[in-house]
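A.B. asks: Handing you this structure, nothing more for now.
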Amino acid sequence: MKIIVTIKQVPEADKVAVNQETGTLIREGVESILNPFCEYALDMAVKIRDENPDIVVEINAISMGPPQAKMALLRCLELGADKAFLLSDLAFAGSDVWATALTLKEGIRKFLPNFDLILCGKHAIDGDTAQVPAELAENLGIPQIFYGIDAKVEKKKIRVKKETENGFQIIETRTPALITISKGPSNIRRLPSMKNIIEARNKPLETITADKLDIEKEKLGLNGSYTQVINIFAPPIKETGKIIDGSDPGKAAEQMMAFLRERKLIKFEVD
Amino acid sequence: MNIVASNIIYSKKVEVEPFNEIRKIHGSQIISSDYPAYLVDESKLEGTADWLFFPKSEGEIISIINYLREKKIPAYISAARTGIVGSSVPKCGSILSIEKMDKMLGFGFDENNGNYFCRFEPGITLKAINDKILKKEVEKVKELTPNTISRFIKEKKSYYYPMDPTEMSASISGTVATNASGAGTFKYGATRKWVKKIRVALAIGEILEIQRGKYFASNDGTFIVKQTDGTDLVFKIPSYKFNTNVKNAAGIYAKPNMDLIDLFIGSEGIFGVITEVEVWIIEKHPLISNVLFFNSEENALDFVKKIRNNQTVSPEFIEYFSGESLDLLRNIQNNNPALINMPQIPFKARSAIFFDLPYSEDNLVSYFEKIDKLAKQCNTTLEASWSGYDNREFARFKHFRHALPETVNSIIAERKRQYPDLHKLGTDMCVPEEKFGEMMKYYHSVLREATLEYVIFGHIGDNHVHLNILPRNTKELKLGVKIYEQFAKKAVEYGGSVSAEHGIGKIKVDFLKIMYNEKEIEQMRTVKRALDPLLLFNCGNIFEMKGV
């Protein structure tokens, strides 16, 4: 069984601030990490392998990104992936979700054909768009299931437990299929052993440039992107509310009434 | 003529600020009701005081000292109160809190050794220091050597102050006054060697500016402080041999022809108030954290010996978890895995070693292969380990290390409900390397025979582990206290120290007597009387002494 996990290297989102004047991200001193939801997807792949000892399961991690994204792929290799592929080329720079999905699709078609399952994180914590997985599935012409929290392999089928607003659904589909993962099999992040760290560095990690993919230049990177980020800004700071001292309930109630009346939020008068 | 070194130092007068403009609280009741935090430290020893001062400058400190000297009011210096032996707990009189003095003052570079250094007010925390240095927020401070700050900011390398006594909320002067150490002492030594210069306010109301390498005791051990009024403070340093064979924080540091700065470092504030500190900083290298599990304590101890003696592997620190410690953590993990936030501790593990190594992709594999060889000789493999090098992973490893003492504290807090007098018995003894294995066996055999609950963890790289006894009732507490004393005596008998890092403070004064005889303690008192003739400062720390 061949599983592909698509991953993205992201800045540790909670540490990134926005420069209000220039509208750019202040990334100084902020570390890049493997997107946590992508790590959940990898964890799910490892779980499938562990639960099916009688099947040969090969886990392939693939990413599109700058050369330093290798470190996120290395983490995948430490945590159980067998092979890793980095689609990296200046021609890919500025890709929006569409161009990214197209590039990933070509990478998969060319270097990882005959796969059974693609697992993706439900979204990346930096862009939060959650569109690449859907577009990738459409491009590849395979079924997609979103917000998976568990997955079980049954012959040529995959049975997925997915989160819904009101609870969960269990959906079954034939493979090959694409599933996005919104929660890992464990609440505790896995850690590689020192042995895993050594082994990861002996596993294949291939860098693939634009010329190895059969995509016209105008469909790559900024040229191939239908959308562009024009500005990034921090959400406006909400005004803080007014706190009324409640030690004297009578006074507090009066103040609250005055506040509501002033803003015409209350119409009736009390005798 | 250029005097290179001397045993004579001149104290200086500084501009004294008006006493009435200093922020102060008067009255023991208001202090205990509104400022209770100033009456305790992490030892939970509680004190009392009539005055609480918040000076903002050296001139205000001198003003306070002059007032206290005139009124014969003792002073207890209070920094961040992260100590655990009651050093900052006031017995009476006044509290001199230096917390408002928390700025970085200067930045410089030493051409001779090629290192940067920083000057700080005494109250700045270690965390604030490292935030500033890592982010290179030094534009606004005084440039102590020409063209240094712009060069520093342009540098691609990261720098930091490597002292980490676990509590990064500790103040710089507190760590100097206690010669603070921690896990990293294994590689970087204790605070002492990082201190370049200090300024100290003496009881006479004058300042000593002590730069390392300038003032040394004469051959007969004498120092002379020349005051501005022409009189001299003359004193001899103690003649005992301060134990430097082991990590040691017990008693006043002394050695022949010693540097005057070393007398003040680790003196627990009994000679004066530190008003300014200059320390060296160094380049910060990426690290990888590792926990390696073993099936017995012997194997873990053997591994420590091997890694310590291996010239090619250079750990930042080596920390220990005994089997009892792992059992305690397993219990927590079974009930609430998120509290530990680490993968399941391997079922068969009976001890673990935690060590950070320098991390670079170029040599990581060869480094780990060397560790692999050592591990196999100690009957374990690298499979039984955890490893991480992201910042967020470091935080997890650090949390794992702290989870154990925190768990011990919460167990004791729970038992305290039934037995209010109960407390944890945390030891801080250290023995020479050749005696370490024997000492560990001794700990286990005595405690198992007494059927007391205990855990052993800590700085095994420095042959310095923390043994925590967890009494289940008052009877066990009494027995534990007796056993603790027995261990302290054994440690000294083996050539070790009763306190490797916590210091003596007020709660371990009796333990000092195990290490030093009365004559030696009297030598410490003699220095105290010379530098602080009215006995104003921190009386009761290190040895018994009635203050003013």
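Simple scheme: letters A, B, ... for chains in structure tokens order, numbers from 1 for residues in each chain, numbers from 1 for ligands in the order shown.
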Can you tell me which residues surround region 65-69 of chain A at a distance of at most 9 Å, considering only C-alpha atoms, apart from same-chain residues fewer than 5 positions away, and format the answer as an MDAnalysis selection string?
C.D. replies: chainID A and resid 8:10 32:34 74 86:90 92:93 207
A.B. asks: Write out, as a tab-separated table, each residue of chain B that has an atom at most 9 Å from chain A, together with the closest pair of atoms and their distance in Å to one decimal, counting only C-alpha atoms, rows going by chain and rising number.
C.D. replies:
```
residue	atom	partner	partner_atom	distance
B:Leu134	CA	A:Gly29	CA	8.8
B:Lys135	CA	A:Gly29	CA	8.0
B:Asn290	CA	A:Met194	CA	7.5
B:Val291	CA	A:Ser193	CA	8.7
B:Leu292	CA	A:Met194	CA	8.5
B:Pro337	CA	A:Ile188	CA	7.5
B:Ala338	CA	A:Ile188	CA	6.8
B:Asn341	CA	A:Ile188	CA	5.8
B:Met342	CA	A:Ile188	CA	6.4
B:Pro343	CA	A:Arg190	CA	6.1
B:Leu364	CA	A:Ile198	CA	7.9
B:Val365	CA	A:Ile198	CA	5.5
B:Ser366	CA	A:Ile198	CA	8.8
B:Phe368	CA	A:Met194	CA	7.0
B:Glu369	CA	A:Ile198	CA	8.0
B:Asp372	CA	A:Lys195	CA	8.4
B:Thr381	CA	A:Lys195	CA	8.2
B:Leu382	CA	A:Lys195	CA	5.0
B:Glu383	CA	A:Lys195	CA	5.3
B:Ala384	CA	A:Ser193	CA	6.8
B:Ser385	CA	A:Ser193	CA	4.8
B:Trp386	CA	A:Ser193	CA	4.4
B:Ser387	CA	A:Ser193	CA	5.4
B:Gly388	CA	A:Leu191	CA	7.0
B:Asp390	CA	A:Ile33	CA	7.6
B:Asn391	CA	A:Glu31	CA	7.3
B:Arg392	CA	A:Ile33	CA	9.0
B:Glu393	CA	A:Leu191	CA	8.5
```
A.B. asks: Between CA of Gln377 (chain B) and CA of Gly496 (chain B), measure the distance and give it in Å to one decimal.
C.D. replies: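 Interatomic distance here is 29.0 Å.
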A.B. asks: Extract, using only C-alpha atoms, all DNA, RNA and protein residues at most 9 Å from Ile64 (chain B), discarding same-chain residues fewer than 2 positions from it, and format them as JSON, numbers by chain.
C.D. replies: {"B": [19, 22, 53, 55, 59, 60, 61, 62, 66, 67, 68, 69, 96, 205]}
A.B. asks: Write out as number ranges by chain the residues lying within 10 Å of Leu117 (chain A), counting only C-alpha atoms and excluding same-chain residues fewer than 6 positions away.
C.D. replies: A: 1-5, 45, 59, 142, 153, 157-158, 174-179
A.B. asks: Of the residues A:Ala124, A:Ala91, A:Val97, A:Val16, which is the one nearest to Tyr40 (chain A), using only C-alpha atoms?
C.D. replies: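 Nearest candidate to Tyr40 (chain A) out of A:Ala124, A:Ala91, A:Val97, A:Val16: A:Ala124.
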A.B. asks: Near region 103-106 of chain A, within 10 Å and counting only C-alpha atoms, which residues show up once chain neighbours fewer than 2 positions away are dropped, as a PyMOL selection string?
C.D. replies: chain A and resi 6+62-64+86-87+92+95+97-101+108-113+132-133+135-140+210+212-215+219-221
